[in-house]
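J.: Have a look at the structure that comes next, please.
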Amino acid sequence: QVQLVESGGGSVQSGGSLRLSCAASGYMYQCMGWFRQAPGKEREEVAHIYGDGRTRYADSVKARFTISRDGAKNALYLQMNSLKPEDTAMYYCAARSPNCWSSYSIWGQGTQVTVSS
């Protein structure tokens with residue numbers, strides 16, 4: 001069973017940056033995404049990367065967040081710039097398995113991001 005482990009969360013002031021990492025043990029899935037969930041809110045997808053490198057973003061993070069991957073390291077990243085208090089949430093990486101037409105079925109445990117004003 002492939003495991004996903006997130007890291008890189010923390011507390012920053014508004015306007016700051018953080019880089020989240022997601023380490024995949026043993027296998028790198030082609031289609032992966034970053035999600036977030038704030039207290040009392042539904043979980044939302046903030047960024048997705050396809051096997052061919054194409055990306056898509058939620059409108060709320062476009063031009064501020066960048067998703068990328070390093071296949072050699074089996075790692076997924078989320079560079080977050082110009083952070084806002086409303087970006088405060090638990091962030092999760094996830095993979096569509098067994099292929100890109102499947103649902104997100106592999107999840108990490110999450111890393112907390114807190115942005116103060």
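All residue names refer to the structure tokens as shown: chains lettered A, B, ... in order, residues numbered from 1 in each chain, ligands numbered from 1 in order.
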For A:Ala95, list every protein, DNA or RNA residue within 7 Å, evaluated using only C-alpha atoms, and leave out those in the same chain fewer than 4 positions away; present the list as a compact mmCIF listing (two decimals) with N, CA, C and O atoms, in the first residue's frame.
T.:
```
# COMPACT_ATOMS: atom_id res chain seq x y z
N TYR A 29 2.04 8.26 -8.28
CA TYR A 29 0.84 8.24 -9.08
C TYR A 29 0.85 9.36 -10.12
O TYR A 29 1.44 10.41 -9.90
N CYS A 31 -1.81 11.10 -11.44
CA CYS A 31 -2.73 12.19 -11.17
C CYS A 31 -2.87 12.39 -9.67
O CYS A 31 -3.37 11.50 -8.96
N MET A 32 -2.42 13.54 -9.20
CA MET A 32 -2.42 13.81 -7.77
C MET A 32 -2.91 15.22 -7.53
O MET A 32 -2.89 16.08 -8.42
N GLY A 33 -3.34 15.45 -6.31
CA GLY A 33 -3.84 16.78 -5.99
C GLY A 33 -3.58 17.17 -4.56
O GLY A 33 -3.20 16.34 -3.73
N TYR A 104 -10.11 9.87 -6.00
CA TYR A 104 -9.00 10.03 -5.07
C TYR A 104 -9.19 8.98 -3.97
O TYR A 104 -10.11 9.06 -3.19
N SER A 105 -8.30 8.01 -3.91
CA SER A 105 -8.45 6.94 -2.94
C SER A 105 -7.25 6.78 -2.02
O SER A 105 -7.31 6.01 -1.06
N ILE A 106 -6.18 7.49 -2.31
CA ILE A 106 -4.99 7.45 -1.45
C ILE A 106 -4.82 8.85 -0.86
O ILE A 106 -4.72 9.83 -1.60
N TRP A 107 -4.79 8.92 0.46
CA TRP A 107 -4.73 10.21 1.16
C TRP A 107 -3.62 10.23 2.19
O TRP A 107 -3.34 9.21 2.82
```
J.: Taking 3 positions as the minimum chain separation for residues in the same chain, which residues sit within 10 Å of A:Pro39 when counting only C-alpha atoms? Answer as number ranges by chain.
T.: A: 42-43, 88-90
J.: For A:Ser14, list every protein, DNA or RNA residue within 12 Å, evaluated using only C-alpha atoms, and leave out those in the same chain fewer than 6 positions away; present the list as a list in words.
T.: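 So, after excluding close chain neighbours, the residues are Met80, Asn81, Ser82, Leu83, Lys84, Pro85, Glu86, Asp87, Thr88, Val113, Thr114, Val115, Ser116 and Ser117 of chain A.
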J.: May I have the residues from that selection written out with N, CA and C atoms, as a compact mmCIF listing (two decimals), in the first residue's frame?
T.:
```txt
# COMPACT_ATOMS: atom_id res chain seq x y z
N MET A 80 3.17 27.85 -1.96
CA MET A 80 2.09 28.78 -1.63
C MET A 80 2.68 30.15 -1.33
N ASN A 81 2.35 31.12 -2.16
CA ASN A 81 2.83 32.49 -1.99
C ASN A 81 1.66 33.42 -1.68
N SER A 82 2.00 34.60 -1.20
CA SER A 82 0.99 35.61 -0.89
C SER A 82 -0.15 35.03 -0.07
N LEU A 83 0.21 34.32 0.97
CA LEU A 83 -0.79 33.63 1.78
C LEU A 83 -1.71 34.61 2.48
N LYS A 84 -2.96 34.19 2.60
CA LYS A 84 -3.99 35.00 3.23
C LYS A 84 -4.57 34.24 4.43
N PRO A 85 -5.17 34.94 5.38
CA PRO A 85 -5.77 34.24 6.52
C PRO A 85 -6.79 33.18 6.09
N GLU A 86 -7.47 33.43 4.98
CA GLU A 86 -8.47 32.45 4.52
C GLU A 86 -7.84 31.20 3.94
N ASP A 87 -6.52 31.16 3.81
CA ASP A 87 -5.83 29.94 3.39
C ASP A 87 -5.59 29.00 4.57
N THR A 88 -5.89 29.46 5.76
CA THR A 88 -5.71 28.62 6.95
C THR A 88 -6.57 27.38 6.86
N VAL A 113 -1.73 24.43 8.03
CA VAL A 113 -1.24 25.74 7.61
C VAL A 113 -2.09 26.80 8.31
N THR A 114 -1.42 27.70 9.00
CA THR A 114 -2.11 28.78 9.71
C THR A 114 -1.52 30.11 9.27
N VAL A 115 -2.38 30.98 8.77
CA VAL A 115 -1.95 32.29 8.30
C VAL A 115 -2.59 33.36 9.17
N SER A 116 -1.78 34.16 9.79
CA SER A 116 -2.29 35.21 10.67
C SER A 116 -2.26 36.57 9.98
N SER A 117 -3.19 37.40 10.34
CA SER A 117 -3.27 38.73 9.70
C SER A 117 -2.38 39.74 10.41
```
J.: When DSSP works through the backbone of this structure, what residues of stretch 7-83 of chain A end up as strand (DSSP E), shown as an MDAnalysis selection string?
T.: chainID A and resid 7 10:13 18:24 32:37 44:49 55:57 65:70 75:80
J.: Quick check, in Å to one decimal: how far apart do atom CA of A:Leu18 and atom CA of A:Gly53 lie?
T.: 21.6 Å
